[in-house]
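Chemist: Have a look at this one.
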Amino acid sequence: MDSSAKQSNWRGRLIRYAPILFWIGVIFYLSSGAGAITETSRFIRPLLEFFFPAADAATLQLYHGYIRKSAHVAVYFVLGLLAARAFASSQIERLRLWWPAAVLALVIAIAAGDEFQQSFNEERTGAAGDVLLDTVGGLLSVLVFVVVRSVWTRSRRPSRLRR
């Protein structure tokens, strides 16, 4: 393999895998005190008060909880998409063939590690239910990736091959 091919191969891996590593860093940052309810209420609470001025404190707290749980799904949806993009185009044949399982394994591993880390933080609580929400986000990303890739592949076929 010549030098330019090695450099191109290295660049391709960096483009595929660096976003995953960056996003995992974001996840672990958010699992620190930075993602605690006391921190997120600084900006979520005023927004909720703006959109629901007649809501009482208990209702606003409930909505805040829903937003935080939805964030679990959204954050791991992004992780799943980044991993699906990387694994489905991997040069490692087994990873490319089994990319959906690899994506879900990565999502579950990071989610479990995230909740484990939170269990040591006084401002946070680690919860198995959150791992389930995170897994749902990863599963949704796999489904979306499959559908989008299928539509993309069909649209790129010459019209005479489409049925």
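Chains: A, B, ... in order of the structure tokens. Residues: from 1 per chain. Ligands: from 1, in order shown.
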Using only C-alpha atoms, determine which residues lie at most 9 Å from A:Leu79, disregarding the query and same-chain residues fewer than 6 positions distant; provide the list as a list in words.
Modeler: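 Neighbouring residues, sequence-local ones excluded: Pro19, Ile20, Trp23, Ile24, Val103, Leu106, Val107, Gly137, Gly138 and Ser141 of chain A.
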Chemist: Need to verify the contact set: A:Ile108, 8 Å, only C-alpha atoms, exclusion of same-chain residues closer than 4 positions in sequence. Can you return it as an NGL selection string?
Modeler: :A and (104 or 112 or 131 or 134-135)
Chemist: Once you have the residues from the selection above, write them out as a short mmCIF file (atom, residue, chain, number, x, y, z; two decimals), in the first residue's frame, restricted to N, CA, C and O atoms.
Modeler:
data_model
loop_
_atom_site.label_atom_id
_atom_site.label_comp_id
_atom_site.auth_asym_id
_atom_site.auth_seq_id
_atom_site.Cartn_x
_atom_site.Cartn_y
_atom_site.Cartn_z
N LEU A 104 -25.95 -1.10 18.62
CA LEU A 104 -26.70 -1.31 19.87
C LEU A 104 -25.78 -1.69 21.01
O LEU A 104 -25.97 -1.24 22.14
N ALA A 112 -24.70 2.29 29.96
CA ALA A 112 -24.45 1.66 31.25
C ALA A 112 -23.28 2.35 31.96
O ALA A 112 -23.35 2.61 33.17
N VAL A 131 -30.96 3.67 31.11
CA VAL A 131 -30.26 2.86 30.12
C VAL A 131 -31.25 2.35 29.08
O VAL A 131 -30.96 2.31 27.89
N ASP A 134 -32.03 5.21 26.77
CA ASP A 134 -30.87 5.41 25.89
C ASP A 134 -30.85 4.36 24.78
O ASP A 134 -30.60 4.67 23.62
N THR A 135 -31.17 3.12 25.14
CA THR A 135 -31.21 2.03 24.17
C THR A 135 -32.31 2.27 23.14
O THR A 135 -32.12 1.99 21.95
#
Chemist: Excluding A:Ala57 and residues on its chain fewer than 6 positions from it, collect all residues at most 10 Å away from it, counting only C-alpha atoms, and give them as a PyMOL selection string.
Modeler: chain A and resi 45+49+63
Chemist: Save the residues we just selected, C-alpha atoms, as a PDB file, in the first residue's frame?
Modeler:
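File part_10.pdb, as written:
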ATOM      1  CA  ARG A  45     -37.499  26.394  33.770  1.00  0.00           C
ATOM      2  CA  GLU A  49     -42.661  29.420  32.452  1.00  0.00           C
ATOM      3  CA  TYR A  63     -42.603  18.880  32.143  1.00  0.00           C
TER       4      TYR A  63
END
Chemist: For the atom pair atom CA of A:Glu123 and atom CA of A:Val73, what is the interatomic distance in Å to one decimal place?
Modeler: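 So the two atoms, atom CA of A:Glu123 and atom CA of A:Val73, lie 20.8 Å apart.
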Chemist: What lies within 12 Å of A:Gln91 using only C-alpha atoms, ignoring chain neighbours under 3 positions off, as a ChimeraX atom specification?
Modeler: /A:9-10,12-13,16,86-88,94-97,99
Chemist: Go through A:Ile27, A:Ala111, A:Ala105, A:Leu48 one by one, measure the shortest atom-to-atom distance of each to A:Ala83 using only C-alpha atoms, and give the residue with the smallest value.
Modeler: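 Selected residue with least distance to A:Ala83: A:Ala105.
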Chemist: Of the residues A:Arg124, A:His64, A:Arg11, A:Arg85, which is the one nearest to A:Thr40, using only C-alpha atoms?
Modeler: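 Closest to A:Thr40 of all the choices is A:His64.
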Chemist: Choose the residue, out of A:Leu82, A:Leu139, A:Ala109, A:Val148, that has the smallest atom-to-atom separation from A:Tyr17; count only C-alpha atoms.
Modeler: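 Going through A:Leu82, A:Leu139, A:Ala109, A:Val148 one by one, the smallest distance to A:Tyr17 is for A:Leu82.
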Chemist: Can you list, as a list of chain:residue names, every protein, DNA or RNA residue that comes within 12 Å of stretch 32-39 of chain A when you count only C-alpha atoms, leaving out same-chain residues fewer than 5 positions away?
Modeler: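 After dropping sequence-adjacent residues, the list is A:Gly25, A:Val26, A:Ile27, A:Ile44, A:Arg45, A:Gln61, A:His64, A:Gly65, A:Tyr66, A:Ile67, A:Arg68, A:Lys69, A:Ala71, A:His72, A:Asp114, A:Glu115, A:Phe116, A:Gln117, A:Gln118, A:Ser119, A:Phe120, A:Asn121, A:Glu122, A:Glu123, A:Arg124, A:Thr125, A:Gly126.
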Chemist: Give me, please, the distance in Å between atom CA of A:Pro46 and atom CA of A:Leu132, quoted to one decimal.
Modeler: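 Answer for the atom CA of A:Pro46 to atom CA of A:Leu132 separation: 28.9 Å.
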Chemist: Atom CA of A:Phe22 and atom CA of A:Thr153, how far apart in Å?
Modeler: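 Distance between the two atoms: 28.4 Å.
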Chemist: So, counting only C-alpha atoms, which residue among A:Ile110, A:Phe50, A:Phe43, A:Ala127 is closest to A:Leu21?
Modeler: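 Of the candidates, the smallest distance to A:Leu21 is held by A:Ile110.
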Chemist: Would you return as JSON, numbers by chain the members of chain A that DSSP assigns to alpha helix (DSSP H) on this structure's backbone?
Modeler: {"A": [3, 4, 5, 6, 7, 8, 9, 10, 11, 12, 13, 14, 15, 16, 17, 18, 19, 20, 21, 22, 23, 24, 25, 26, 27, 28, 29, 30, 37, 38, 39, 40, 41, 42, 43, 44, 45, 46, 47, 48, 49, 50, 51, 57, 58, 59, 60, 61, 62, 63, 64, 65, 66, 67, 68, 69, 70, 71, 72, 73, 74, 75, 76, 77, 78, 79, 80, 81, 82, 83, 84, 85, 86, 87, 88, 93, 94, 95, 96, 97, 99, 100, 101, 102, 103, 104, 105, 106, 107, 108, 109, 110, 111, 112, 113, 114, 115, 116, 117, 118, 128, 129, 130, 131, 132, 133, 134, 135, 136, 137, 138, 139, 140, 141, 142, 143, 144, 145, 146, 147, 148, 149, 150, 151, 152, 153, 154, 155, 156]}
